[in-house]
file input24.txt (compact mmCIF, C-alpha atoms)
# COMPACT_ATOMS: atom_id res chain seq x y z
CA MET F 1 -26.05 5.70 -36.51
CA LYS F 2 -23.45 3.50 -34.88
CA THR F 3 -22.73 4.26 -31.26
CA PHE F 4 -19.58 3.47 -29.30
CA PRO F 5 -19.40 2.67 -25.58
CA ARG F 6 -18.42 5.58 -23.41
CA ALA F 7 -15.01 5.64 -21.83
CA VAL F 8 -14.78 4.55 -18.21
CA PRO F 9 -15.21 7.61 -15.95
CA PRO F 10 -11.91 8.71 -14.34
CA GLY F 11 -13.47 8.56 -10.87
CA LEU F 12 -14.37 4.90 -11.38
CA LEU F 13 -10.84 4.10 -12.54
CA ILE F 14 -9.43 5.70 -9.38
CA VAL F 15 -11.81 3.72 -7.15
CA GLY F 16 -10.90 0.53 -9.00
CA ALA F 17 -7.18 1.23 -8.62
CA VAL F 18 -7.56 1.89 -4.87
CA CYS F 19 -9.66 -1.26 -4.33
CA PHE F 20 -7.20 -3.47 -6.20
CA THR F 21 -4.27 -2.02 -4.26
CA VAL F 22 -5.93 -2.51 -0.87
CA PHE F 23 -6.95 -6.13 -1.60
CA ALA F 24 -3.52 -6.98 -3.03
CA TRP F 25 -1.65 -5.48 -0.07
CA ALA F 26 -3.94 -7.31 2.35
CA SER F 27 -3.13 -10.61 0.62
CA ALA F 28 0.57 -9.84 1.08
CA PHE F 29 0.28 -10.34 4.86
CA VAL F 30 -0.86 -13.94 4.30
CA SER F 31 1.83 -14.62 1.68
CA ILE F 32 4.61 -13.13 3.82
CA ARG F 33 3.66 -15.39 6.72
CA SER F 34 3.77 -18.40 4.41
CA ALA F 35 6.98 -17.59 2.51
CA GLY F 36 8.69 -16.27 5.65
CA ALA F 37 8.84 -19.76 7.08
CA ALA F 38 11.37 -20.73 4.40
CA TYR F 39 13.05 -17.46 3.48
CA SER F 40 14.94 -14.99 5.66
CA PRO F 41 13.67 -11.38 5.64
CA GLY F 42 16.33 -9.98 3.33
CA ALA F 43 16.24 -12.89 0.89
CA LEU F 44 12.44 -12.74 0.70
CA ALA F 45 12.58 -8.99 0.05
CA LEU F 46 15.15 -9.39 -2.74
CA GLY F 47 13.28 -12.28 -4.38
CA ARG F 48 10.02 -10.31 -4.24
CA LEU F 49 11.61 -7.21 -5.75
CA LEU F 50 13.40 -9.19 -8.47
CA ALA F 51 10.10 -10.72 -9.58
CA ALA F 52 8.44 -7.31 -9.48
CA SER F 53 11.27 -5.66 -11.42
CA LEU F 54 11.04 -8.27 -14.18
CA VAL F 55 7.32 -7.54 -14.65
CA LEU F 56 7.72 -3.77 -14.45
CA VAL F 57 10.66 -3.58 -16.86
CA THR F 58 8.68 -5.72 -19.33
CA LEU F 59 5.77 -3.26 -19.05
CA LEU F 60 8.15 -0.32 -19.56
CA LEU F 61 9.50 -1.89 -22.76
CA LEU F 62 6.03 -2.73 -24.08
CA ARG F 63 4.81 0.81 -23.45
CA ARG F 64 8.11 2.30 -24.68
CA GLU F 65 8.54 4.50 -21.63
CA GLY F 66 12.13 5.55 -21.16
CA LEU F 67 14.07 6.95 -18.25
CA PRO F 68 12.15 9.12 -15.79
CA PRO F 69 12.60 12.91 -16.04
CA ARG F 70 15.30 14.47 -13.88
CA GLY F 71 12.75 16.11 -11.58
CA ALA F 72 11.36 12.71 -10.55
CA ARG F 73 14.65 11.02 -9.73
CA ARG F 74 15.11 12.17 -6.14
CA GLY F 75 11.60 11.02 -5.20
CA ILE F 76 12.21 7.71 -6.98
CA LEU F 77 15.48 7.14 -5.13
CA VAL F 78 14.02 7.93 -1.69
CA SER F 79 10.86 5.95 -2.33
CA GLY F 80 12.79 2.98 -3.74
CA ILE F 81 15.34 2.68 -0.95
CA VAL F 82 13.08 3.57 1.98
CA TRP F 83 9.73 2.08 0.92
CA PHE F 84 10.42 -0.71 -1.58
CA GLY F 85 13.61 -1.81 0.16
CA GLY F 86 13.47 -0.78 3.82
CA TYR F 87 9.75 -1.34 4.36
CA THR F 88 9.82 -4.79 2.78
CA VAL F 89 12.77 -6.04 4.84
CA ALA F 90 11.42 -4.56 8.08
CA LEU F 91 7.94 -6.03 7.58
CA ASN F 92 9.30 -9.47 6.63
CA TRP F 93 11.43 -9.48 9.77
CA GLY F 94 8.67 -8.08 11.97
CA GLU F 95 6.16 -10.72 10.87
CA ARG F 96 8.53 -13.43 12.04
CA LEU F 97 8.40 -12.03 15.58
CA VAL F 98 4.79 -10.85 16.03
CA ASP F 99 1.48 -12.25 14.84
CA ALA F 100 -0.29 -10.97 11.74
CA GLY F 101 -2.89 -9.02 13.72
CA THR F 102 -0.30 -7.06 15.67
CA ALA F 103 1.78 -6.46 12.53
CA SER F 104 -1.26 -5.17 10.67
CA LEU F 105 -2.14 -2.87 13.56
CA LEU F 106 1.35 -1.39 13.81
CA VAL F 107 1.83 -0.92 10.07
CA ASN F 108 -1.52 0.85 9.89
CA THR F 109 -0.13 3.73 11.92
CA GLY F 110 1.44 4.63 8.57
CA PRO F 111 -1.56 6.54 7.16
CA ILE F 112 -1.56 8.83 10.21
CA LEU F 113 2.13 9.59 9.71
CA MET F 114 1.50 9.97 5.98
CA ALA F 115 -1.27 12.53 6.47
CA LEU F 116 0.85 14.52 8.92
CA LEU F 117 3.92 14.45 6.65
CA ALA F 118 1.83 15.37 3.61
CA ALA F 119 0.32 18.31 5.49
CA ARG F 120 3.75 19.49 6.63
CA LEU F 121 5.80 18.87 3.48
CA LEU F 122 3.26 18.96 0.64
CA GLY F 123 0.82 21.48 2.07
CA GLU F 124 -2.14 19.08 1.91
CA ALA F 125 -5.20 19.96 3.96
CA LEU F 126 -6.40 17.89 6.92
CA PRO F 127 -10.20 18.25 6.76
CA PRO F 128 -12.18 17.22 9.87
CA ARG F 129 -13.91 14.41 7.96
CA LEU F 130 -10.55 12.85 7.07
CA LEU F 131 -9.28 13.11 10.64
CA THR F 132 -12.52 11.62 11.98
CA GLY F 133 -12.39 8.72 9.54
CA MET F 134 -8.75 8.02 10.38
CA ALA F 135 -9.56 8.02 14.10
CA VAL F 136 -12.43 5.53 13.62
CA SER F 137 -10.29 3.26 11.42
CA PHE F 138 -7.36 3.40 13.83
CA VAL F 139 -9.65 2.31 16.69
CA GLY F 140 -10.80 -0.55 14.47
CA ALA F 141 -7.20 -1.53 13.72
CA VAL F 142 -6.44 -1.52 17.46
CA VAL F 143 -9.44 -3.80 18.09
CA VAL F 144 -8.33 -6.18 15.32
CA GLY F 145 -4.77 -6.26 16.61
CA LEU F 146 -5.79 -6.88 20.22
CA SER F 147 -8.31 -9.58 19.31
CA MET F 148 -5.85 -11.45 17.08
CA SER F 149 -2.95 -11.22 19.52
CA SER F 150 -4.87 -12.38 22.59
CA GLY F 151 -4.18 -16.05 22.05
CA GLY F 152 -1.22 -18.13 23.23
CA ASP F 153 0.91 -16.80 26.05
CA GLY F 154 0.11 -13.20 25.04
CA SER F 155 3.79 -12.32 24.72
CA THR F 156 4.90 -9.80 22.12
CA SER F 157 8.41 -9.31 20.80
CA VAL F 158 9.65 -5.78 21.47
CA LEU F 159 11.96 -6.07 18.45
CA GLY F 160 9.02 -7.19 16.31
CA VAL F 161 6.98 -4.18 17.39
CA VAL F 162 9.88 -1.82 16.63
CA LEU F 163 10.40 -3.37 13.19
CA CYS F 164 6.71 -3.02 12.28
CA LEU F 165 6.76 0.61 13.43
CA LEU F 166 9.86 1.21 11.30
CA ALA F 167 7.97 -0.34 8.38
CA ALA F 168 5.11 2.12 9.00
CA VAL F 169 7.54 5.07 9.02
CA ALA F 170 9.18 3.81 5.80
CA TYR F 171 5.75 3.40 4.20
CA ALA F 172 4.66 6.95 5.06
CA THR F 173 8.01 8.47 4.04
CA GLY F 174 8.04 6.63 0.73
CA VAL F 175 4.54 7.78 -0.23
CA VAL F 176 5.25 11.43 0.61
CA ALA F 177 8.53 11.29 -1.37
CA GLN F 178 6.75 9.65 -4.30
CA LYS F 179 3.94 12.21 -4.57
CA PRO F 180 6.02 15.12 -6.03
CA ALA F 181 7.78 12.74 -8.43
CA LEU F 182 4.43 11.97 -10.07
CA SER F 183 4.33 15.56 -11.32
CA PHE F 184 7.22 14.68 -13.66
CA GLY F 185 6.85 11.01 -14.58
CA THR F 186 4.12 8.46 -15.28
CA PRO F 187 2.85 6.07 -12.57
CA LEU F 188 4.54 3.16 -14.36
CA GLN F 189 7.87 5.00 -14.56
CA ILE F 190 7.81 6.00 -10.90
CA THR F 191 6.85 2.50 -9.76
CA ALA F 192 9.30 0.65 -12.00
CA TYR F 193 12.36 2.75 -11.21
CA SER F 194 11.50 2.90 -7.50
CA CYS F 195 11.32 -0.90 -7.53
CA LEU F 196 14.67 -1.11 -9.31
CA ALA F 197 16.21 1.21 -6.71
CA GLY F 198 14.84 -0.99 -3.93
CA THR F 199 16.17 -4.09 -5.67
CA VAL F 200 19.66 -2.62 -5.86
CA ALA F 201 19.46 -1.69 -2.17
CA CYS F 202 18.63 -5.32 -1.34
CA LEU F 203 21.43 -6.87 -3.43
CA PRO F 204 23.55 -7.56 -0.29
CA PHE F 205 21.03 -10.35 0.45
CA ALA F 206 21.73 -12.09 -2.88
CA GLY F 207 23.92 -14.74 -1.25
CA GLN F 208 21.17 -15.64 1.24
CA LEU F 209 18.59 -15.87 -1.55
CA ALA F 210 20.80 -18.12 -3.66
CA ALA F 211 21.38 -20.44 -0.69
CA GLU F 212 17.73 -20.61 0.38
CA VAL F 213 15.99 -21.12 -2.99
CA PRO F 214 17.12 -24.78 -3.43
CA ARG F 215 16.01 -25.68 0.12
CA ALA F 216 12.69 -23.83 0.10
CA PRO F 217 9.44 -25.68 -0.67
CA LEU F 218 7.76 -24.82 -3.96
CA SER F 219 4.81 -23.21 -2.16
CA ALA F 220 7.10 -20.71 -0.41
CA THR F 221 8.83 -19.79 -3.67
CA LEU F 222 5.49 -19.36 -5.43
CA ASN F 223 4.35 -17.10 -2.61
CA MET F 224 7.52 -15.03 -3.05
CA VAL F 225 6.86 -14.69 -6.78
CA TYR F 226 3.23 -13.78 -6.09
CA LEU F 227 4.40 -11.06 -3.68
CA GLY F 228 6.54 -9.62 -6.45
CA VAL F 229 3.98 -9.76 -9.24
CA VAL F 230 0.68 -8.80 -7.57
CA PRO F 231 1.19 -6.82 -4.31
CA THR F 232 4.34 -5.14 -5.66
CA ALA F 233 4.44 -4.77 -9.48
CA LEU F 234 0.72 -4.44 -10.12
CA ALA F 235 -0.54 -2.98 -6.83
CA PHE F 236 2.20 -0.37 -6.54
CA THR F 237 1.41 0.75 -10.10
CA THR F 238 -2.30 1.13 -9.35
CA TRP F 239 -1.35 2.92 -6.12
CA THR F 240 0.80 5.48 -7.95
CA TYR F 241 -1.98 5.93 -10.52
CA ALA F 242 -4.38 6.87 -7.70
CA LEU F 243 -1.72 8.90 -5.86
CA ALA F 244 -1.22 11.10 -8.91
CA ARG F 245 -4.92 11.99 -8.83
CA MET F 246 -5.74 12.50 -5.15
CA PRO F 247 -4.07 13.80 -1.95
CA ALA F 248 -1.62 11.43 -0.22
CA GLY F 249 -3.33 11.75 3.17
CA LYS F 250 -6.76 10.90 1.81
CA LEU F 251 -5.45 7.97 -0.22
CA GLY F 252 -3.52 6.66 2.79
CA ALA F 253 -6.73 6.57 4.83
CA THR F 254 -8.17 3.96 2.46
CA THR F 255 -5.51 1.44 3.52
CA TYR F 256 -7.20 1.19 6.91
CA ALA F 257 -9.43 -1.35 5.18
CA VAL F 258 -6.44 -3.72 5.01
CA PRO F 259 -6.84 -5.24 8.53
CA ALA F 260 -10.48 -6.08 7.81
CA ILE F 261 -9.54 -7.79 4.54
CA VAL F 262 -6.66 -9.64 6.22
CA VAL F 263 -9.17 -11.09 8.69
CA LEU F 264 -11.44 -12.17 5.82
CA LEU F 265 -8.58 -13.76 3.85
CA SER F 266 -7.31 -15.59 6.94
CA TRP F 267 -10.83 -16.92 7.43
CA ILE F 268 -11.13 -18.14 3.82
CA LEU F 269 -7.56 -19.32 3.10
CA LEU F 270 -6.30 -20.42 6.51
CA GLY F 271 -9.55 -21.55 8.10
CA GLU F 272 -9.10 -19.15 11.02
CA VAL F 273 -12.61 -18.24 12.17
CA PRO F 274 -12.47 -14.68 13.54
CA ALA F 275 -13.91 -13.82 16.93
CA TRP F 276 -16.77 -11.33 17.17
CA LEU F 277 -14.33 -8.71 18.47
CA THR F 278 -12.20 -9.15 15.36
CA LEU F 279 -15.24 -8.71 13.13
CA LEU F 280 -16.20 -5.59 15.05
CA GLY F 281 -12.73 -4.14 14.53
CA GLY F 282 -12.88 -4.92 10.83
CA LEU F 283 -16.23 -3.16 10.50
CA LEU F 284 -14.81 -0.11 12.28
CA CYS F 285 -11.88 -0.05 9.84
CA LEU F 286 -14.25 -0.05 6.88
CA ALA F 287 -16.54 2.51 8.50
CA GLY F 288 -13.61 4.88 9.01
CA VAL F 289 -12.64 4.58 5.35
CA ALA F 290 -16.24 5.31 4.37
CA VAL F 291 -16.28 8.43 6.58
CA SER F 292 -12.97 9.71 5.17
CA ARG F 293 -14.15 9.16 1.58
CA TYR F 294 -17.68 10.57 2.04
CA ARG F 295 -18.36 13.75 0.12
CA PRO F 296 -21.74 15.40 0.81
CA ARG F 297 -23.63 16.56 -2.25
CA ALA F 298 -24.05 20.28 -2.68
CA ARG F 299 -27.62 21.55 -2.54
CA GLU F 300 -29.11 22.84 -5.77
CA GLY F 301 -29.05 26.58 -6.07
CA SER F 302 -26.78 27.03 -3.06
CA GLY F 303 -23.81 27.98 -5.21
CA ALA F 304 -21.67 25.43 -3.39
CA ARG F 305 -21.08 23.48 -6.55
CA ALA F 306 -19.58 26.47 -8.27
CA GLN F 307 -17.21 27.03 -5.38
CA ALA F 308 -16.13 23.41 -4.99
CA PRO F 309 -12.98 22.25 -6.78
CA ALA F 310 -13.35 19.81 -9.63
CA PRO F 311 -12.77 16.13 -8.81
CA GLY F 312 -9.07 15.40 -8.89
CA ALA F 313 -8.08 19.04 -8.78
CA ALA F 314 -6.86 18.78 -5.19
CA GLY F 315 -4.62 15.87 -6.06
CA ALA F 316 -3.30 17.63 -9.14
CA ARG F 317 -2.32 20.68 -7.11
CA GLY F 318 -0.90 18.62 -4.24
CA ARG F 319 -3.37 20.32 -1.87

call {"tool": "encode", "arguments": {"input": "input24.txt", "output": "structure tokens"}}
result
Amino acid sequence: MKTFPRAVPPGLLIVGAVCFTVFAWASAFVSIRSAGAAYSPGALALGRLLAASLVLVTLLLLRREGLPPRGARRGILVSGIVWFGGYTVALNWGERLVDAGTASLLVNTGPILMALLAARLLGEALPPRLLTGMAVSFVGAVVVGLSMSSGGDGSTSVLGVVLCLLAAVAYATGVVAQKPALSFGTPLQITAYSCLAGTVACLPFAGQLAAEVPRAPLSATLNMVYLGVVPTALAFTTWTYALARMPAGKLGATTYAVPAIVVLLSWILLGEVPAWLTLLGGLLCLAGVAVSRYRPRAREGSGARAQAPAPGAAGARGR
């Protein structure tokens, strides 16, 4: 009798989507630093979103997915303008004024804001394990930020700090606005139309982009295209896929792994050997994610398994 391979378990798909998103977003910090030397913040944001929109619209046409349902449109609009547009411009600008370590630290206050907003607006629970993991990861992010910003004259731009904090607020707000929209539309629809909304919001920077493209080196332009295709078009789609299947606060905690991966990528791609304190901070970030994701197994015969919700049920209910 001929046998067919089993379908990939949904839990494994979610883990794969989260891992891809985290690695892609970590790589964005390196690419932004590179492309930001040739492109102004608004022009870089618009170029990135244009590249992402081209990929996402192509995917929409191939999959024959039409306009999003009416119930998803408010979440798409808020997420597109605040997260895709506002976050991208603020982070691009902030990374011109503070180093990558400090930017990563400040942006990673976003998951804390996200969990609090999700608890307040979406009714999601804040279990002690999640709060503990977030606290451990935040300490790790602080260690990474301090270790990477200790060189030079030690000065930090106040404006840069404010911009990175605004990016964190935009990130958290966009995720919480996007979560209810996923009850009405597909992850691809929500991502694509949010990206289009962000692109429209960034159209005032079209003149800057047109003026800077001819003068920019090819490497900077390729980095801008990469930012649009991988960390935006693909990673935002895998993010929304995972967001539709798990609570926003718990998913946000996984992004605390980003500072650790940024350190690793800087080591490999830029030849920046991290100090032991940086490595320690990165390990704390990963440990916090592990704590927040850990789910103890129920003992046999205890009846706990019968009382526990099925995997993904919490995300489906928005609790």

call {"tool": "closest_residue", "arguments": {"input": "input24.txt", "among": "F:Ile261, F:Ala287, F:Leu277, F:Ala233", "to": "Leu56 (chain F)", "atoms": "only C-alpha atoms"}}
result
F:Ala233

call {"tool": "atom_distance", "arguments": {"input": "input24.txt", "atom1": "CA of Val176 (chain F)", "atom2": "CA of Trp83 (chain F)"}}
result
10.4 Å

call {"tool": "atom_distance", "arguments": {"input": "input24.txt", "atom1": "CA of Asn92 (chain F)", "atom2": "CA of Pro41 (chain F)"}}
result
4.9 Å

call {"tool": "closest_residue", "arguments": {"input": "input24.txt", "among": "F:Thr199, F:Thr240, F:Ser34, F:Thr232", "to": "Pro187 (chain F)", "atoms": "only C-alpha atoms"}}
result
F:Thr240

call {"tool": "residues_around", "arguments": {"input": "input24.txt", "residues": "Leu188 (chain F)", "least_positions_apart": "6", "cutoff": "10 Å", "atoms": "all atoms listed in the file", "output": "NGL selection string"}}
result
:F and (56-57 or 59-60 or 63 or 65 or 68 or 182 or 194 or 233-234 or 236-238 or 240-241)

call {"tool": "closest_residue", "arguments": {"input": "input24.txt", "among": "F:Pro69, F:Val169, F:Leu46, F:Ile76", "to": "Val107 (chain F)", "atoms": "only C-alpha atoms"}}
result
F:Val169

call {"tool": "closest_residue", "arguments": {"input": "input24.txt", "among": "F:Lys179, F:Arg96, F:Arg70, F:Arg245", "to": "Tyr39 (chain F)", "atoms": "only C-alpha atoms"}}
result
F:Arg96

call {"tool": "axis_aligned_box", "arguments": {"input": "input24.txt", "around": "region 50-61 of chain F", "padding_each_side": "5 Å", "output": "JSON"}}
result
{"center_x": 9.6, "center_y": -5.5, "center_z": -15.6, "size_x": 17.6, "size_y": 20.4, "size_z": 24.3}

call {"tool": "closest_residue", "arguments": {"input": "input24.txt", "among": "F:Cys195, F:Leu12, F:Ala135, F:Leu280", "to": "Ala242 (chain F)", "atoms": "all atoms listed in the file"}}
result
F:Leu12

call {"tool": "closest_residue", "arguments": {"input": "input24.txt", "among": "F:Ala51, F:Ala43, F:Ile14, F:Ala38", "to": "Pro217 (chain F)", "atoms": "only C-alpha atoms"}}
result
F:Ala38

call {"tool": "residues_around", "arguments": {"input": "input24.txt", "residues": "Leu77 (chain F)", "least_positions_apart": "6", "cutoff": "9 Å", "atoms": "only C-alpha atoms", "output": "mmCIF file with C-alpha atoms, in the coordinates of the input"}}
result
data_model
loop_
_atom_site.group_PDB
_atom_site.id
_atom_site.type_symbol
_atom_site.label_atom_id
_atom_site.label_comp_id
_atom_site.auth_asym_id
_atom_site.auth_seq_id
_atom_site.Cartn_x
_atom_site.Cartn_y
_atom_site.Cartn_z
ATOM 1 C CA ALA F 177 8.530 11.290 -1.370
ATOM 2 C CA TYR F 193 12.360 2.750 -11.210
ATOM 3 C CA SER F 194 11.500 2.900 -7.500
ATOM 4 C CA ALA F 197 16.210 1.210 -6.710
ATOM 5 C CA GLY F 198 14.840 -0.990 -3.930
#

call {"tool": "atom_distance", "arguments": {"input": "input24.txt", "atom1": "CA of Ala244 (chain F)", "atom2": "CA of Val18 (chain F)"}}
result
11.9 Å
